[in-house]
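Pasted below: upload20.csv, CSV, C-alpha atoms.
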chain,number,residue,atom,x,y,z
A,12,MET,CA,52.3,39.5,95.3
A,13,LYS,CA,53.3,40.5,98.9
A,14,CYS,CA,53.2,43.8,100.7
A,15,ARG,CA,56.7,45.3,100.8
A,16,LYS,CA,56.2,46.4,104.5
A,17,CYS,CA,54.4,43.5,106.2
A,18,GLY,CA,54.6,40.6,103.8
A,19,GLU,CA,50.8,40.1,103.7
A,20,ARG,CA,49.0,39.7,100.4
A,21,ALA,CA,49.2,43.0,98.5
A,22,SER,CA,46.1,45.0,97.4
A,23,ILE,CA,47.9,47.3,95.0
A,24,GLU,CA,51.1,47.2,93.0
A,25,LEU,CA,53.0,50.5,92.4
A,26,ARG,CA,55.3,49.6,89.5
A,27,ARG,CA,56.9,53.0,89.4
A,28,HIS,CA,58.1,52.4,93.0
A,29,ASN,CA,58.9,48.8,92.4
A,30,ALA,CA,56.6,48.0,95.3
A,31,ALA,CA,53.3,46.5,96.4
A,32,PHE,CA,51.3,47.3,99.5
A,33,CYS,CA,48.5,45.8,101.6
A,34,ALA,CA,45.6,48.1,102.2
A,35,PRO,CA,46.7,49.5,105.6
A,36,ASP,CA,50.3,50.0,104.5
A,37,PHE,CA,49.1,51.7,101.2
A,38,LEU,CA,47.0,54.1,103.2
A,39,ASP,CA,50.1,55.0,105.3
A,40,PHE,CA,52.2,55.4,102.1
A,41,PHE,CA,49.5,57.7,100.6
A,42,ARG,CA,49.3,59.9,103.7
A,43,ARG,CA,53.1,60.1,103.9
A,44,GLN,CA,53.3,61.3,100.4
A,45,VAL,CA,50.7,64.1,101.1
A,46,ARG,CA,52.7,65.1,104.2
A,47,GLU,CA,55.9,65.2,102.2
A,48,ALA,CA,54.3,67.4,99.5
A,49,ILE,CA,53.0,69.9,102.1
A,50,ARG,CA,56.4,70.0,104.0
A,51,LYS,CA,58.6,70.2,100.9
A,52,HIS,CA,56.7,73.1,99.3
A,53,ARG,CA,55.7,74.7,102.7
A,54,MET,CA,52.1,74.6,101.4
A,55,PHE,CA,50.5,75.7,104.7
A,56,GLU,CA,51.2,75.7,108.4
A,57,ALA,CA,49.4,73.4,110.8
A,58,ASP,CA,47.3,76.3,112.3
A,59,GLU,CA,46.3,77.8,108.9
A,60,ALA,CA,42.7,77.6,107.7
A,61,VAL,CA,42.7,75.7,104.3
A,62,LEU,CA,39.9,76.0,101.7
A,63,VAL,CA,39.7,72.6,100.0
A,64,ALA,CA,38.1,72.8,96.5
A,65,VAL,CA,36.0,69.7,96.1
A,66,SER,CA,34.2,68.3,93.1
A,67,GLY,CA,32.7,65.1,94.4
A,68,GLY,CA,35.4,63.1,92.5
A,69,LYS,CA,38.0,60.8,94.0
A,70,ASP,CA,40.9,63.2,94.1
A,71,SER,CA,39.4,66.2,95.9
A,72,LEU,CA,37.5,64.0,98.4
A,73,ALA,CA,40.6,61.9,99.1
A,74,LEU,CA,42.6,65.0,99.7
A,75,TRP,CA,40.0,66.4,102.1
A,76,ASP,CA,39.9,63.0,103.9
A,77,VAL,CA,43.6,63.1,104.4
A,78,LEU,CA,43.7,66.7,105.6
A,79,ILE,CA,40.9,66.1,108.1
A,80,ASP,CA,42.7,63.1,109.5
A,81,GLU,CA,45.9,65.1,109.7
A,82,GLY,CA,44.1,67.6,111.9
A,83,SER,CA,44.1,70.5,109.4
A,84,ARG,CA,41.5,73.2,109.8
A,85,THR,CA,39.6,72.7,106.5
A,86,THR,CA,36.5,74.0,104.9
A,87,GLY,CA,35.2,72.5,101.6
A,88,LEU,CA,34.3,74.6,98.6
A,89,TYR,CA,31.9,73.1,96.0
A,90,LEU,CA,31.4,75.0,92.8
A,91,ASP,CA,28.1,74.1,91.3
A,92,LEU,CA,28.8,74.1,87.6
A,93,GLY,CA,25.2,73.3,86.6
A,94,ILE,CA,26.1,70.4,84.4
A,95,PHE,CA,22.8,68.5,84.5
A,96,ASP,CA,22.6,65.4,86.7
A,97,TYR,CA,26.4,65.2,87.0
A,98,SER,CA,26.4,68.4,89.1
A,99,VAL,CA,23.3,67.3,91.1
A,100,GLU,CA,25.0,64.0,92.0
A,101,SER,CA,28.5,65.4,92.7
A,102,LYS,CA,27.1,68.2,94.9
A,103,ALA,CA,25.1,65.6,97.0
A,104,LYS,CA,28.3,63.5,97.4
A,105,CYS,CA,30.2,66.5,98.8
A,106,GLU,CA,27.4,67.5,101.1
A,107,ARG,CA,27.1,63.9,102.5
A,108,PHE,CA,30.9,63.8,102.9
A,109,ALA,CA,31.0,67.0,104.8
A,110,ALA,CA,28.0,66.1,107.0
A,111,ALA,CA,29.4,62.7,107.9
A,112,ARG,CA,32.7,64.3,109.1
A,113,GLY,CA,31.2,67.4,110.6
A,114,VAL,CA,33.2,69.8,108.5
A,115,PRO,CA,31.9,73.0,106.8
A,116,LEU,CA,31.1,73.2,103.1
A,117,ILE,CA,30.7,76.4,101.1
A,118,VAL,CA,28.6,76.1,97.9
A,119,SER,CA,29.1,78.7,95.1
A,120,THR,CA,26.9,78.5,92.0
A,121,VAL,CA,28.5,79.4,88.6
A,122,ALA,CA,25.1,80.2,87.1
A,123,GLU,CA,24.6,82.9,89.7
A,124,GLU,CA,28.1,84.3,89.4
A,125,VAL,CA,28.6,84.2,85.7
A,126,GLY,CA,25.0,84.5,84.6
A,127,ALA,CA,24.7,81.0,83.2
A,128,PRO,CA,25.7,77.4,84.0
A,129,VAL,CA,28.6,75.7,82.1
A,130,PRO,CA,26.4,74.1,79.4
A,131,VAL,CA,25.0,77.5,78.4
A,132,ILE,CA,28.4,79.2,78.7
A,133,LYS,CA,29.7,76.6,76.2
A,134,GLU,CA,26.8,77.3,73.8
A,135,VAL,CA,26.9,81.1,73.8
A,136,THR,CA,30.7,81.5,73.8
A,137,ARG,CA,31.4,78.6,71.5
A,138,ARG,CA,34.4,77.9,73.6
A,139,PRO,CA,35.4,74.3,74.5
A,140,PRO,CA,33.4,73.6,77.7
A,141,CYS,CA,36.5,73.0,79.8
A,142,SER,CA,37.7,76.5,78.9
A,143,GLY,CA,34.9,78.6,80.5
A,144,CYS,CA,34.6,76.1,83.3
A,145,GLY,CA,38.3,76.2,84.3
A,146,LEU,CA,38.3,80.0,84.1
A,147,SER,CA,35.2,80.3,86.3
A,148,LYS,CA,36.6,77.8,88.8
A,149,ARG,CA,40.0,79.5,89.2
A,150,TYR,CA,38.3,82.9,89.6
A,151,LEU,CA,35.7,81.7,92.1
A,152,MET,CA,38.1,79.7,94.2
A,153,ASN,CA,40.2,82.7,94.7
A,154,ARG,CA,37.4,85.1,95.3
A,155,VAL,CA,35.6,82.9,97.8
A,156,ALA,CA,38.8,82.3,99.7
A,157,LEU,CA,39.4,86.0,99.9
A,158,GLU,CA,35.9,86.7,101.0
A,159,HIS,CA,36.0,84.1,103.8
A,160,GLY,CA,39.6,85.0,104.9
A,161,PHE,CA,41.4,81.8,103.8
A,162,PRO,CA,45.1,82.3,103.0
A,163,VAL,CA,45.3,79.1,100.9
A,164,VAL,CA,43.2,77.0,98.5
A,165,ALA,CA,44.1,73.3,98.1
A,166,THR,CA,43.0,71.4,95.0
A,167,GLY,CA,43.0,67.7,94.2
A,168,HIS,CA,45.3,67.8,91.2
A,169,ASN,CA,47.3,64.6,91.0
A,170,LEU,CA,50.5,63.5,89.3
A,171,ASP,CA,48.6,62.5,86.1
A,172,ASP,CA,46.8,65.8,85.9
A,173,GLU,CA,50.1,67.7,86.3
A,174,ALA,CA,51.9,65.5,83.8
A,175,ALA,CA,49.1,65.8,81.3
A,176,THR,CA,49.1,69.6,81.7
A,177,LEU,CA,52.9,69.8,81.3
A,178,PHE,CA,52.7,67.5,78.2
A,179,GLY,CA,50.1,69.8,76.6
A,180,SER,CA,52.2,72.9,77.4
A,181,VAL,CA,55.3,71.4,76.0
A,182,MET,CA,53.6,70.1,72.9
A,183,HIS,CA,52.7,73.7,72.1
A,184,TRP,CA,55.7,75.3,73.7
A,185,GLN,CA,53.4,77.5,75.8
A,186,THR,CA,56.4,79.0,77.7
A,187,ASP,CA,54.1,81.4,79.6
A,188,ALA,CA,52.3,78.4,81.2
A,189,LEU,CA,55.5,76.6,82.3
A,190,PRO,CA,56.6,78.8,85.2
A,191,ARG,CA,53.0,78.8,86.5
A,192,GLN,CA,52.9,75.0,86.7
A,193,SER,CA,53.9,74.2,90.3
A,194,PRO,CA,52.7,72.2,93.3
A,195,ALA,CA,52.5,75.5,95.2
A,196,LEU,CA,51.8,79.0,93.8
A,197,ALA,CA,52.6,81.8,96.1
A,198,ALA,CA,50.3,84.8,96.7
A,199,THR,CA,52.0,87.3,94.4
A,200,HIS,CA,49.3,90.0,95.1
A,201,PRO,CA,47.3,90.9,98.2
A,202,LYS,CA,44.2,89.8,96.3
A,203,LEU,CA,45.6,86.4,95.3
A,204,VAL,CA,45.6,83.5,97.7
A,205,ARG,CA,48.2,80.7,97.7
A,206,ARG,CA,47.2,77.7,95.6
A,207,VAL,CA,48.5,74.3,96.5
A,208,LYS,CA,48.3,70.7,95.1
A,209,PRO,CA,49.1,68.3,97.9
A,210,LEU,CA,48.4,65.2,95.8
A,211,TYR,CA,50.9,66.0,93.0
A,212,ARG,CA,53.2,63.2,94.1
A,213,LEU,CA,50.4,60.6,93.8
A,214,SER,CA,49.0,59.1,90.6
A,215,GLU,CA,45.4,59.0,89.6
A,216,ARG,CA,45.3,55.3,90.2
A,217,GLU,CA,46.7,55.8,93.7
A,218,THR,CA,44.1,58.4,94.6
A,219,ALA,CA,41.3,56.2,93.2
A,220,ALA,CA,42.7,53.3,95.3
A,221,PHE,CA,42.9,55.5,98.4
A,222,ALA,CA,39.3,56.7,97.9
A,223,PHE,CA,38.1,53.1,97.4
A,224,LEU,CA,39.9,51.7,100.4
A,225,ARG,CA,38.7,54.5,102.6
A,226,LYS,CA,35.1,53.8,101.4
A,227,ILE,CA,34.7,57.4,100.2
A,228,ASP,CA,31.5,57.7,98.2
A,229,TYR,CA,32.8,59.6,95.1
A,230,ILE,CA,31.3,60.2,91.7
A,231,VAL,CA,32.8,57.5,89.3
A,232,GLU,CA,31.1,58.8,86.2
A,233,GLU,CA,33.0,61.3,84.0
A,234,CYS,CA,31.9,64.8,83.5
A,235,PRO,CA,29.8,64.6,80.3
A,236,PHE,CA,31.9,67.3,78.7
A,237,ALA,CA,35.2,65.6,79.5
A,238,LYS,CA,34.8,63.1,76.6
A,239,GLY,CA,37.1,64.1,73.9
A,240,ALA,CA,39.0,66.6,76.1
A,241,THR,CA,42.6,67.1,75.0
A,242,SER,CA,43.8,66.5,78.6
A,243,ILE,CA,42.2,63.0,78.5
A,244,ALA,CA,43.9,62.2,75.2
A,245,HIS,CA,47.2,63.3,76.8
A,246,LYS,CA,46.6,61.1,79.8
A,247,GLU,CA,46.0,58.1,77.6
A,248,ILE,CA,49.3,58.7,75.8
A,249,LEU,CA,51.2,59.1,79.0
A,250,ASN,CA,49.6,55.9,80.4
A,251,ARG,CA,50.8,53.9,77.4
A,252,MET,CA,54.3,55.3,78.1
A,253,GLU,CA,53.9,54.4,81.7
A,254,GLU,CA,52.8,50.8,80.9
A,255,ALA,CA,56.0,50.4,78.8
A,256,SER,CA,58.2,52.2,81.2
A,257,PRO,CA,57.0,52.5,84.8
A,258,GLY,CA,57.9,55.8,86.3
A,259,ALA,CA,57.7,57.7,83.0
A,260,LYS,CA,55.0,60.1,84.2
A,261,HIS,CA,56.8,60.7,87.5
A,262,ASN,CA,60.2,61.3,85.8
A,263,PHE,CA,58.6,63.7,83.3
A,264,LEU,CA,56.9,65.9,85.9
A,265,PHE,CA,59.5,65.7,88.6
A,266,GLY,CA,62.4,66.3,86.1
A,267,PHE,CA,60.6,69.4,84.9
A,268,LEU,CA,60.0,70.7,88.4
A,269,ASP,CA,63.6,70.1,89.5
A,270,LYS,CA,65.5,70.9,86.4
A,271,ALA,CA,63.5,72.7,83.7
A,272,ARG,CA,61.0,75.0,85.5
A,273,PRO,CA,63.5,77.4,86.9
A,274,ALA,CA,64.8,78.1,83.4
A,275,PHE,CA,61.4,79.2,82.3
A,276,GLU,CA,60.7,81.5,85.2
A,277,ARG,CA,60.6,85.0,83.9
A,278,ALA,CA,63.3,87.4,84.9
A,279,GLU,CA,60.8,90.3,85.0
A,280,ALA,CA,57.6,90.0,86.9
A,281,VAL,CA,54.3,90.3,85.3
A,282,THR,CA,52.4,93.5,86.2
A,283,LEU,CA,49.3,92.7,88.1
A,284,ASN,CA,46.3,95.1,88.2
A,285,GLU,CA,42.9,95.0,89.8
A,286,CYS,CA,39.9,94.5,87.5
A,287,ALA,CA,38.1,97.7,86.9
A,288,ARG,CA,34.8,96.1,87.6
A,289,CYS,CA,35.2,93.3,90.2
A,290,GLY,CA,38.5,94.3,91.8
A,291,GLN,CA,40.0,90.8,91.3
A,292,VAL,CA,43.5,90.4,90.0
A,293,THR,CA,44.2,90.6,86.2
A,294,THR,CA,47.0,91.5,83.9
A,295,GLY,CA,44.7,93.7,81.9
A,296,THR,CA,42.0,96.3,82.7
A,297,LEU,CA,39.0,93.9,82.8
A,298,CYS,CA,39.6,90.4,84.1
A,299,ALA,CA,38.8,87.3,82.0
A,300,PHE,CA,35.9,86.3,84.3
A,301,CYS,CA,34.1,89.7,83.8
A,302,LYS,CA,34.7,89.4,80.0
A,303,LEU,CA,33.2,86.0,80.1
A,304,ALA,CA,30.2,87.2,82.1
A,305,ASP,CA,29.8,90.1,79.6
A,306,GLN,CA,29.8,87.7,76.7
A,307,VAL,CA,27.3,85.4,78.4
A,308,LYS,CA,25.0,88.4,79.0
A,309,ARG,CA,25.4,89.7,75.5
A,310,LEU,CA,25.0,86.5,73.6
A,311,GLY,CA,22.7,84.7,76.0
A,312,GLY,CA,20.1,87.4,75.5
A,313,GLY,CA,16.9,86.4,77.1
A,314,LEU,CA,17.9,82.8,77.8
A,315,ARG,CA,18.0,82.0,81.4
A,316,PRO,CA,19.4,78.8,82.9
A,317,SER,CA,17.0,76.6,84.8
A,318,SER,CA,18.2,75.0,88.0
A,319,ASP,CA,19.3,71.8,86.2
A,320,GLY,CA,21.6,73.7,83.9
A,321,ARG,CA,19.5,73.5,80.8
A,322,ARG,CA,18.4,76.6,79.0
A,323,ALA,CA,14.9,77.7,79.6
A,324,PRO,CA,13.0,80.2,77.4
B,23,MET,CA,33.7,35.1,84.9
B,24,LYS,CA,31.9,38.4,84.8
B,25,VAL,CA,33.7,41.7,84.3
B,26,VAL,CA,31.9,45.0,85.1
B,27,LEU,CA,33.0,48.0,83.1
B,28,ARG,CA,32.1,51.6,83.6
B,29,ASN,CA,31.3,54.8,81.7
B,30,PRO,CA,28.8,53.5,80.7
B,31,ARG,CA,28.2,50.7,83.1
B,32,ARG,CA,28.1,47.3,81.3
B,33,GLU,CA,29.1,43.7,81.8
B,34,VAL,CA,31.1,41.3,79.7
B,35,GLU,CA,31.7,37.5,80.1
B,36,VAL,CA,35.3,36.3,79.7
B,37,ALA,CA,37.0,33.0,80.5
B,38,GLY,CA,37.9,32.7,84.2
B,39,GLY,CA,40.6,30.8,86.0
B,40,ARG,CA,43.2,33.3,84.8
B,41,ARG,CA,45.3,36.0,86.2
B,42,VAL,CA,43.9,39.6,86.2
B,43,LYS,CA,46.7,40.7,83.8
B,44,ASP,CA,45.6,38.1,81.2
B,45,VAL,CA,42.0,39.4,81.4
B,46,LEU,CA,43.2,43.0,81.0
B,47,ALA,CA,45.3,42.0,78.0
B,48,GLU,CA,42.3,40.3,76.4
B,49,LEU,CA,40.1,43.4,76.9
B,50,GLN,CA,43.0,45.7,75.8
B,51,ILE,CA,42.9,47.7,79.0
B,52,ILE,CA,46.0,49.3,80.4
B,53,ALA,CA,46.5,48.3,84.0
B,54,GLU,CA,47.5,51.9,84.9
B,55,SER,CA,44.1,53.2,83.9
B,56,VAL,CA,41.9,51.0,86.2
B,57,LEU,CA,41.3,49.7,89.7
B,58,VAL,CA,40.6,46.0,89.7
B,59,ILE,CA,37.9,45.4,92.4
B,60,ARG,CA,36.6,42.1,93.7
B,61,GLY,CA,33.8,42.6,96.3
B,62,ASP,CA,35.2,45.1,98.8
B,63,GLU,CA,38.9,44.5,98.0
B,64,LEU,CA,41.4,45.5,95.4
B,65,VAL,CA,43.3,42.8,93.5
B,66,THR,CA,46.7,42.9,91.9
B,67,ALA,CA,47.4,41.8,88.4
B,68,ASP,CA,49.0,38.5,89.3
B,69,GLN,CA,46.0,37.2,91.2
B,70,VAL,CA,43.8,34.5,89.6
B,71,VAL,CA,40.1,35.1,89.3
B,72,ARG,CA,37.8,32.1,89.3
B,73,ASP,CA,35.2,31.4,86.7
B,74,ASP,CA,32.3,32.0,89.2
B,75,GLU,CA,33.7,35.4,90.3
B,76,THR,CA,32.9,39.0,89.3
B,77,ILE,CA,35.5,41.8,89.0
B,78,GLU,CA,34.9,45.4,88.3
B,79,LEU,CA,37.4,47.4,86.2
B,80,ARG,CA,36.9,50.9,87.5
B,81,PRO,CA,38.5,53.7,85.4
B,82,VAL,CA,40.6,56.1,87.4
B,83,MET,CA,40.8,58.9,84.9
B,84,SER,CA,39.2,62.2,85.4
B,85,GLY,CA,39.3,65.3,83.4
B,86,GLY,CA,39.3,67.6,81.4
B,87,LEU,CA,40.5,70.8,83.0
B,88,ARG,CA,40.2,71.3,86.7
Exercise: express the given structure as structure tokens:
Amino acid sequence: MKCRKCGERASIELRRHNAAFCAPDFLDFFRRQVREAIRKHRMFEADEAVLVAVSGGKDSLALWDVLIDEGSRTTGLYLDLGIFDYSVESKAKCERFAAARGVPLIVSTVAEEVGAPVPVIKEVTRRPPCSGCGLSKRYLMNRVALEHGFPVVATGHNLDDEAATLFGSVMHWQTDALPRQSPALAATHPKLVRRVKPLYRLSERETAAFAFLRKIDYIVEECPFAKGATSIAHKEILNRMEEASPGAKHNFLFGFLDKARPAFERAEAVTLNECARCGQVTTGTLCAFCKLADQVKRLGGGLRPSSDGRRAP
Amino acid sequence: MKVVLRNPRREVEVAGGRRVKDVLAELQIIAESVLVIRGDELVTADQVVRDDETIELRPVMSGGLR
């Protein structure tokens, strides 16, 4: 198989584009896709400070790598979820990445903010682990960005993440979720920062290939709580469709964004309030994060998380 | 040939001298879900792997909710 651009031996085949690339031309292709995403959705201007949410995984570190090379003013944000050795290792990878490139990294610890790390939140709330974890991440990303004066947060969500989320929403006809699914969400309140996903045009395999070819030291192991997650099952289904019909994931997501999403946008705007306790944005009186923290405090009674995320008496 | 699999890390032996796509088919692994790594390079599904070589099939999936 030959590279479509230079004719040298290809490193990666992209069946959905009916193309194959050698390593240097694939890296060019990847960066072009990120630039196109930022341009098309006006994600941020060249002189804006961008907070990049990093997990230590391939997607967020690949994104940070591209943005640094593009000359963007970036700061990383690592949220320490307190998930045993997984968090210890992923945090170390983010710290090494930032140190090697001379870029700043902010670390925020869920156990300090919510009152317990993700494994304890899971136990005391009896929610699926991804539920309390996702809620805490979205809240803390926004709050940290506001506190440090960043107008925009960039996350490493890729095409597969977005297609799987869309698949889940459509399977349950969660019509409230559909208008919120977008590569770029505007700041609709003074206390909400813009949220952007510059990798949404690139598949998970492409971000993994980019991270590998750029020799980015990322965490390959899955989050121990991801096993059995619905989003993983949806990704597997979509990958089987992709295998049979290259471009299926791309067409599903891009078709939604171009043709269907506008139809689900609400005619009337949702009323946004400020949480009575923390002042962050909510549709109710008390935000979901403060409710979660209350629940942890109430049900976790007397149990304190140790530094490795396990409960300690 | 040796095939390194991840999550958890393990190794399996399969017959070499075949294309990557044939190895993936034998192991019932969807090409879209892995990177195929030989040393410090990526290899495409049409390339032949010799019997004395090792490849890693590195999963690309991450999740659940980010």
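Within 6 Å of the point (52.5, 79.0, 96.9), and counting only C-alpha atoms, the protein, DNA and RNA residues are Ala195, Leu196, Ala197, Arg205 and Arg206 of chain A.
Taking CA of Val204 in chain A as the reference point, CA of Ile227 in chain A is found at 28.4 Å.
Between CA of Arg40 in chain B and CA of Val70 in chain B lies a distance of 5.0 Å.
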**Report entry** Selection near Gly87 in chain A, 8 Å with all atoms listed in the file, sequence-local residues under 4 positions removed, as an MDAnalysis selection string
**Finding:** chainID A and resid 62:65 75 109 114:117
Report task. For Gln69 in chain B, please output as a PyMOL selection string all residues within 12 Å (counting all atoms listed in the file; exclusion window: fewer than 6 positions along the same chain). Result -> (chain A and resi 12-13+20-24) or (chain B and resi 38-45+58-60+77)
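Near chain B, within 6 Å and counting all atoms listed in the file, the residues of chain A are A:Ser22, A:Ile23, A:Cys141, A:Gly145, A:Arg216, A:Ala219, A:Ala237, A:Ala240, A:Ser242.
When CA of Gly61 in chain B is paired with CA of Glu232 in chain A, their separation reads 19.3 Å.
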Quick one: range 71-97 of chain A with N, CA and C atoms, as a PDB file, in the first residue's frame?
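Printed below is result.pdb as written:
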ATOM      1  N   SER A  71      -6.386  13.461  24.301  1.00  0.00           N
ATOM      2  CA  SER A  71      -6.134  14.797  24.862  1.00  0.00           C
ATOM      3  C   SER A  71      -4.670  15.198  24.707  1.00  0.00           C
ATOM      4  N   LEU A  72      -3.751  14.236  24.835  1.00  0.00           N
ATOM      5  CA  LEU A  72      -2.338  14.603  24.669  1.00  0.00           C
ATOM      6  C   LEU A  72      -2.009  14.874  23.195  1.00  0.00           C
ATOM      7  N   ALA A  73      -2.653  14.140  22.284  1.00  0.00           N
ATOM      8  CA  ALA A  73      -2.462  14.425  20.852  1.00  0.00           C
ATOM      9  C   ALA A  73      -2.976  15.833  20.539  1.00  0.00           C
ATOM     10  N   LEU A  74      -4.133  16.173  21.100  1.00  0.00           N
ATOM     11  CA  LEU A  74      -4.692  17.506  20.877  1.00  0.00           C
ATOM     12  C   LEU A  74      -3.741  18.585  21.398  1.00  0.00           C
ATOM     13  N   TRP A  75      -3.259  18.384  22.612  1.00  0.00           N
ATOM     14  CA  TRP A  75      -2.362  19.386  23.206  1.00  0.00           C
ATOM     15  C   TRP A  75      -1.101  19.521  22.351  1.00  0.00           C
ATOM     16  N   ASP A  76      -0.587  18.395  21.878  1.00  0.00           N
ATOM     17  CA  ASP A  76       0.617  18.390  21.037  1.00  0.00           C
ATOM     18  C   ASP A  76       0.397  19.224  19.765  1.00  0.00           C
ATOM     19  N   VAL A  77      -0.755  19.025  19.117  1.00  0.00           N
ATOM     20  CA  VAL A  77      -1.052  19.774  17.887  1.00  0.00           C
ATOM     21  C   VAL A  77      -1.164  21.273  18.193  1.00  0.00           C
ATOM     22  N   LEU A  78      -1.900  21.596  19.254  1.00  0.00           N
ATOM     23  CA  LEU A  78      -2.123  23.014  19.558  1.00  0.00           C
ATOM     24  C   LEU A  78      -0.817  23.723  19.924  1.00  0.00           C
ATOM     25  N   ILE A  79       0.055  23.028  20.636  1.00  0.00           N
ATOM     26  CA  ILE A  79       1.362  23.626  20.963  1.00  0.00           C
ATOM     27  C   ILE A  79       2.135  23.897  19.667  1.00  0.00           C
ATOM     28  N   ASP A  80       2.149  22.905  18.771  1.00  0.00           N
ATOM     29  CA  ASP A  80       2.869  23.079  17.497  1.00  0.00           C
ATOM     30  C   ASP A  80       2.264  24.180  16.630  1.00  0.00           C
ATOM     31  N   GLU A  81       0.958  24.385  16.779  1.00  0.00           N
ATOM     32  CA  GLU A  81       0.287  25.425  15.997  1.00  0.00           C
ATOM     33  C   GLU A  81       0.534  26.812  16.581  1.00  0.00           C
ATOM     34  N   GLY A  82       1.168  26.850  17.749  1.00  0.00           N
ATOM     35  CA  GLY A  82       1.488  28.137  18.358  1.00  0.00           C
ATOM     36  C   GLY A  82       0.383  28.690  19.238  1.00  0.00           C
ATOM     37  N   SER A  83      -0.609  27.847  19.586  1.00  0.00           N
ATOM     38  CA  SER A  83      -1.691  28.324  20.455  1.00  0.00           C
ATOM     39  C   SER A  83      -1.162  28.541  21.870  1.00  0.00           C
ATOM     40  N   ARG A  84      -1.814  29.465  22.575  1.00  0.00           N
ATOM     41  CA  ARG A  84      -1.450  29.715  23.987  1.00  0.00           C
ATOM     42  C   ARG A  84      -2.224  28.732  24.854  1.00  0.00           C
ATOM     43  N   THR A  85      -1.594  27.641  25.228  1.00  0.00           N
ATOM     44  CA  THR A  85      -2.323  26.590  25.930  1.00  0.00           C
ATOM     45  C   THR A  85      -1.831  26.396  27.359  1.00  0.00           C
ATOM     46  N   THR A  86      -2.761  25.972  28.205  1.00  0.00           N
ATOM     47  CA  THR A  86      -2.454  25.482  29.552  1.00  0.00           C
ATOM     48  C   THR A  86      -3.221  24.183  29.697  1.00  0.00           C
ATOM     49  N   GLY A  87      -2.589  23.180  30.278  1.00  0.00           N
ATOM     50  CA  GLY A  87      -3.278  21.908  30.485  1.00  0.00           C
ATOM     51  C   GLY A  87      -4.054  21.922  31.790  1.00  0.00           C
ATOM     52  N   LEU A  88      -5.127  21.144  31.834  1.00  0.00           N
ATOM     53  CA  LEU A  88      -5.866  20.937  33.082  1.00  0.00           C
ATOM     54  C   LEU A  88      -6.011  19.440  33.283  1.00  0.00           C
ATOM     55  N   TYR A  89      -5.407  18.932  34.343  1.00  0.00           N
ATOM     56  CA  TYR A  89      -5.564  17.517  34.679  1.00  0.00           C
ATOM     57  C   TYR A  89      -6.477  17.409  35.889  1.00  0.00           C
ATOM     58  N   LEU A  90      -7.544  16.626  35.751  1.00  0.00           N
ATOM     59  CA  LEU A  90      -8.451  16.398  36.876  1.00  0.00           C
ATOM     60  C   LEU A  90      -8.107  15.050  37.491  1.00  0.00           C
ATOM     61  N   ASP A  91      -7.624  15.085  38.722  1.00  0.00           N
ATOM     62  CA  ASP A  91      -7.242  13.847  39.405  1.00  0.00           C
ATOM     63  C   ASP A  91      -8.497  13.202  39.973  1.00  0.00           C
ATOM     64  N   LEU A  92      -8.897  12.090  39.349  1.00  0.00           N
ATOM     65  CA  LEU A  92     -10.148  11.429  39.712  1.00  0.00           C
ATOM     66  C   LEU A  92      -9.980  10.498  40.901  1.00  0.00           C
ATOM     67  N   GLY A  93      -8.740  10.206  41.257  1.00  0.00           N
ATOM     68  CA  GLY A  93      -8.479   9.316  42.392  1.00  0.00           C
ATOM     69  C   GLY A  93      -8.835   7.869  42.107  1.00  0.00           C
ATOM     70  N   ILE A  94      -8.658   7.459  40.830  1.00  0.00           N
ATOM     71  CA  ILE A  94      -8.991   6.069  40.462  1.00  0.00           C
ATOM     72  C   ILE A  94      -7.716   5.217  40.547  1.00  0.00           C
ATOM     73  N   PHE A  95      -7.344   4.897  41.773  1.00  0.00           N
ATOM     74  CA  PHE A  95      -6.248   3.955  42.044  1.00  0.00           C
ATOM     75  C   PHE A  95      -4.994   4.280  41.226  1.00  0.00           C
ATOM     76  N   ASP A  96      -4.281   3.208  40.802  1.00  0.00           N
ATOM     77  CA  ASP A  96      -3.025   3.380  40.067  1.00  0.00           C
ATOM     78  C   ASP A  96      -3.242   4.068  38.713  1.00  0.00           C
ATOM     79  N   TYR A  97      -4.439   3.903  38.159  1.00  0.00           N
ATOM     80  CA  TYR A  97      -4.746   4.502  36.856  1.00  0.00           C
ATOM     81  C   TYR A  97      -4.559   6.023  36.908  1.00  0.00           C
TER      82      TYR A  97
END
